[in-house]
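Here's the structure we're looking at; comments come further down.
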Amino acid sequence: MQSPSPSSPGSPSGASSPSGPGVPDGPGSPGSPGGKDRGRAAYDHLWMHFTRMSSYENAPVPTIVRGEGVHIFDDTGKRYLDGLAGLFVVQAGHGRAQLAETAAAQARELAFFPVWSYAHPKAVDLAERLAHHAPGDLNKVFFTTGGGEAVETAWKLAKQYFKLTGKPTKHKVISRATAYHGTPQGALSIPGLPALKAPFEPLVPGAHKVPNTNIYRAPLHGDDPEAFGRWAADQIEQQILFEGPDTVAAVFLEPVQNAGGCFPPPPGYFQRVREICDTYDVLLVSDEVICAFGRLGTMFGCEKFGYRPDMITCAKGMTSGYSPIGACIVSDRVAEPFYQGGNVFLHGYTFGGHPVSAAVAMANLDIFEQEKLNEHVLANESAFLGTLRKLCDLPIVGDVRGNGFFYGIELVKDRDTKETFDAEETERVLYGFVSKKLFENGLYCRADDRGDPVIQLAPPLISDQGTFDEIEQILRATLTEAWTKL
């Protein structure tokens with residue numbers, strides 16, 4: 001993983017890498033409360049996440065002030081297509097008065113109360129609703145405030161579950177190469193991204209990696225998706241056997257892997273993984289922080305691919321971003337020992353199940369039902385993919401992949417050999433030009449090199465053919481020019 005160039009703020013791990021210096025320096029929004037120009041105040045005081053802050057020392061910070069539908073607007077009034085739904089979050093689109101009004105009404109009634117030995121109506125109602133949507137016996141909902149906390153919760157729960165069931169040595173977890181699973185110190189051990197973890201080591205021990213499902217760069221069976229899927233799943237079994245089945249607690253997998261550029265599962269992959277987990281008494285955690293709530297056209301991604309996990313971690317789209325919340329949804333089987341005698345899951349978050357967030361989530365799920373957002377994604381996913389695949393006539397485009405409204409475009413130097421960018425080209429072309437130019441041309445999305453260089457797209461679920469066409473046109477113009485920079 002390379003660092004972004006000084007001319008490109010953000011990071012390969014960030015939501016996107018729009019350029020600071022390339023953003024028009026218009027009149028801007030009013031000054032900050034301290035009397036500074038707000039762009040200056042942003043650099044002086046706002047420590048942005050996954051961002052090379054030095055990029056903004058002498059350049060304005062892009063500042064987004066408003067959203068409407070599938071578009072966002074900066075402080076100069078310029079409009080951009082939100083090709084990433086904020087950060088895989090704004091499923092129902094920007095500017096939903098219904099969600100804002102729900103938040104205000106709940107804050108007036110009960111702004112805060114914890115779910116530590118107490119309940120409040122909205123947390124109860126949302127937990128029941130999520131359990132209704134989740135597959136099988138996933139009926140217990142442990143609320144967090146975000147996705148990383150949900151992943152942290154799942155690992156801790158898996159460890160304590162096996163202690164309570166007489167298998168205290170089962171504590172290790174297995175995940176996939178290049179996968180991202182969050183930033184808390186425990187959850188950060190699970191990603192397969194060494195450069196992301198290096199600054200914070202030593203991390204929690206016991207997290208091990210297996211190959212992912214990137215068939216475009218498959219080491220074996222690249223021309224046979226079913227054989228490749230079987231091979232990739234079998235690597236999990238081999239890792240369990242290598243570590244010792246009596247030491248492995250859980251396998252963490254995303255339905256469609258995000259980092260690396262949207263890797264969907266090959267046919268039969270998850271069915272084989274489920275079989276392996278059952279054989280060795282290992283819990284299967286479906287990390288759906290991105291893939292849940294319509295991103296793939298189903299309420300949960302595991303439904304799209306026909307497998308039943310033991311836990312689901314989710315967040316992001318649950319409220320369409322109008323208020324933060326996350327959850328770990330747990331099967332009755334895994335929860336059962338915690339409901340006996342004096343056993344307690346010694347874990348929690350102050351703002352988990354927050355009344356305002358839970359109320360907003362309920363209203364957001366109402367919108368899903370009223371406007372049939374899942375059905376809309378399923379009806380239009382082929383059109384979105386087909387529109388993006390028009391770009392395959394460009395020599396810089398190697399692969400277009402994904403599912404639902406969640407796609408990655410891998411960029412290459414040579415399409416015939418699949419030769420990728422070297423470090424200098426990634427810095428200069430992907431971050432120094434492509435990321436910057438896409439934003440200048442009116443498209444907010446993600447340029448990423450966690451793996452090979454990709455552009456990722458995940459627009460709001462209300463997007464239609466007009467949105468797809470606008471994305472394709474901006475990408476075409478930008479990538480055509482980018483090819484001349486290699």
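Letters A, B, ... go to the chains of the structure tokens in the order shown; residues in each chain start at 1; ligands are counted from 1 in the same order.
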
- Give the helix (DSSP H, G or I) residues of segment 18-147 of chain A, as assigned by DSSP on the backbone, as a PyMOL selection string. chain A and resi 38-45+53-56+85-88+97-109+121-133+147

What are the closest atom pairs, with distances in Å to one decimal, for all residues of segment 103-155 of chain A lying within 7 Å of segment 327-340 of chain A? Consider only C-alpha atoms, order rows by chain and residue number, and present the result as JSON lines.
{"residue": "A:Asp137", "atom": "CA", "partner": "A:Ser331", "partner_atom": "CA", "distance": 5.1}
{"residue": "A:Leu138", "atom": "CA", "partner": "A:Ser331", "partner_atom": "CA", "distance": 3.8}
{"residue": "A:Asn139", "atom": "CA", "partner": "A:Ser331", "partner_atom": "CA", "distance": 5.8}
{"residue": "A:Lys140", "atom": "CA", "partner": "A:Val330", "partner_atom": "CA", "distance": 5.0}
{"residue": "A:Val141", "atom": "CA", "partner": "A:Ile329", "partner_atom": "CA", "distance": 4.5}
{"residue": "A:Phe142", "atom": "CA", "partner": "A:Cys328", "partner_atom": "CA", "distance": 5.1}
{"residue": "A:Phe143", "atom": "CA", "partner": "A:Ala327", "partner_atom": "CA", "distance": 4.2}
{"residue": "A:Thr144", "atom": "CA", "partner": "A:Ala327", "partner_atom": "CA", "distance": 5.2}
{"residue": "A:Ala150", "atom": "CA", "partner": "A:Cys328", "partner_atom": "CA", "distance": 5.2}
{"residue": "A:Thr153", "atom": "CA", "partner": "A:Cys328", "partner_atom": "CA", "distance": 6.8}
{"residue": "A:Ala154", "atom": "CA", "partner": "A:Cys328", "partner_atom": "CA", "distance": 6.5}

Create the file for the chosen residues now, containing C-alpha atoms and written as a CSV table (one decimal), in the first residue's frame.
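Resulting contents of part32.csv:
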chain,number,residue,atom,x,y,z
A,137,ASP,CA,-31.9,-17.9,14.3
A,138,LEU,CA,-29.9,-14.6,14.3
A,139,ASN,CA,-32.3,-13.1,16.9
A,140,LYS,CA,-30.0,-11.3,19.4
A,141,VAL,CA,-28.8,-7.7,18.6
A,142,PHE,CA,-25.9,-6.1,20.4
A,143,PHE,CA,-25.7,-2.4,19.4
A,144,THR,CA,-22.6,-0.4,18.9
A,150,ALA,CA,-19.3,-4.3,15.8
A,153,THR,CA,-17.7,-7.1,19.6
A,154,ALA,CA,-17.9,-10.2,17.4

- Message: I'd like the neighbourhood of His181 of chain A as a ChimeraX atom specification, where a residue qualifies if any of its atoms comes within 12 Å (using only C-alpha atoms), though same-chain residues fewer than 6 positions away should be ignored.
- Response: /A:13,146-155,174-175,187-193,196-197,207,251-254,257-259,285-290,313-314

Convert the current residue selection to file output with C-alpha atoms, as an mmCIF file, in the first residue's frame.
data_model
loop_
_atom_site.group_PDB
_atom_site.id
_atom_site.type_symbol
_atom_site.label_atom_id
_atom_site.label_comp_id
_atom_site.auth_asym_id
_atom_site.auth_seq_id
_atom_site.Cartn_x
_atom_site.Cartn_y
_atom_site.Cartn_z
ATOM 1 C CA SER A 13 -7.565 3.704 3.105
ATOM 2 C CA GLY A 146 -20.119 1.873 14.247
ATOM 3 C CA GLY A 147 -18.752 -0.975 12.187
ATOM 4 C CA GLY A 148 -15.329 -1.326 13.751
ATOM 5 C CA GLU A 149 -16.950 -1.627 17.167
ATOM 6 C CA ALA A 150 -19.284 -4.297 15.776
ATOM 7 C CA VAL A 151 -16.292 -6.322 14.555
ATOM 8 C CA GLU A 152 -14.552 -5.836 17.900
ATOM 9 C CA THR A 153 -17.713 -7.068 19.593
ATOM 10 C CA ALA A 154 -17.919 -10.191 17.430
ATOM 11 C CA TRP A 155 -14.347 -11.276 18.166
ATOM 12 C CA ILE A 174 -9.090 -16.145 10.164
ATOM 13 C CA SER A 175 -9.737 -13.468 7.539
ATOM 14 C CA ALA A 187 -10.497 -5.334 15.050
ATOM 15 C CA LEU A 188 -7.381 -3.864 13.425
ATOM 16 C CA SER A 189 -5.642 -7.208 13.874
ATOM 17 C CA ILE A 190 -8.158 -8.856 11.546
ATOM 18 C CA PRO A 191 -7.552 -6.877 8.284
ATOM 19 C CA GLY A 192 -5.153 -8.303 5.714
ATOM 20 C CA LEU A 193 -3.460 -4.941 5.159
ATOM 21 C CA LEU A 196 -2.410 -0.198 7.751
ATOM 22 C CA LYS A 197 -1.434 -2.124 10.877
ATOM 23 C CA ALA A 207 -5.398 -13.234 13.554
ATOM 24 C CA VAL A 251 -13.753 -16.743 10.390
ATOM 25 C CA PHE A 252 -14.485 -13.134 9.364
ATOM 26 C CA LEU A 253 -15.599 -12.636 5.752
ATOM 27 C CA GLU A 254 -17.397 -9.872 3.854
ATOM 28 C CA GLN A 257 -14.790 -7.901 -0.079
ATOM 29 C CA ASN A 258 -14.285 -4.153 -0.145
ATOM 30 C CA ALA A 259 -10.534 -3.506 0.070
ATOM 31 C CA VAL A 285 -18.951 -13.949 11.014
ATOM 32 C CA SER A 286 -20.422 -12.144 8.014
ATOM 33 C CA ASP A 287 -18.920 -8.654 8.133
ATOM 34 C CA GLU A 288 -21.634 -6.610 6.436
ATOM 35 C CA VAL A 289 -20.692 -3.115 7.535
ATOM 36 C CA ILE A 290 -20.823 -2.188 3.831
ATOM 37 C CA THR A 313 -21.661 -7.197 11.884
ATOM 38 C CA CYS A 314 -23.342 -4.154 10.366
#

- Task: Rank nothing, just name the residue among A:Ile455, A:Ala100, A:Gly341, A:Phe351 nearest to Leu164 of chain A, using only C-alpha atoms.
- Result: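 Residue with the minimum atom-to-atom distance to Leu164 of chain A: A:Gly341.
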
- Note on the structure: Computed gap from atom CA of Asp281 of chain A to atom CA of Pro245 of chain A is 7.8 Å

- Task: Per DSSP on the backbone, filter segment 191-254 of chain A down to the residues in strand (DSSP E) and report them as a list in words.
- Result: Ala207, His208, Lys209, Val210, Val248, Ala249, Ala250, Val251, Phe252 and Leu253 of chain A

Take the residues just selected and output them with C-alpha atoms as a short mmCIF file (atom, residue, chain, number, x, y, z; two decimals), in the first residue's frame.
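Result written to out08.cif:
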data_model
loop_
_atom_site.label_atom_id
_atom_site.label_comp_id
_atom_site.auth_asym_id
_atom_site.auth_seq_id
_atom_site.Cartn_x
_atom_site.Cartn_y
_atom_site.Cartn_z
CA ALA A 207 -5.40 -13.23 13.55
CA HIS A 208 -4.40 -15.23 10.46
CA LYS A 209 -4.92 -14.69 6.73
CA VAL A 210 -5.98 -16.76 3.72
CA VAL A 248 -9.64 -21.23 16.04
CA ALA A 249 -12.76 -19.37 17.15
CA ALA A 250 -14.07 -17.55 14.07
CA VAL A 251 -13.75 -16.74 10.39
CA PHE A 252 -14.48 -13.13 9.36
CA LEU A 253 -15.60 -12.64 5.75
#

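Using only C-alpha atoms, the shortest contact distance between Met311 of chain A and any of A:Pro135, A:Pro199, A:Gly222, A:Pro168 is found at A:Pro135.
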
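Atom CA of Ser55 of chain A is positioned 25.3 Å from atom CA of Gly67 of chain A.
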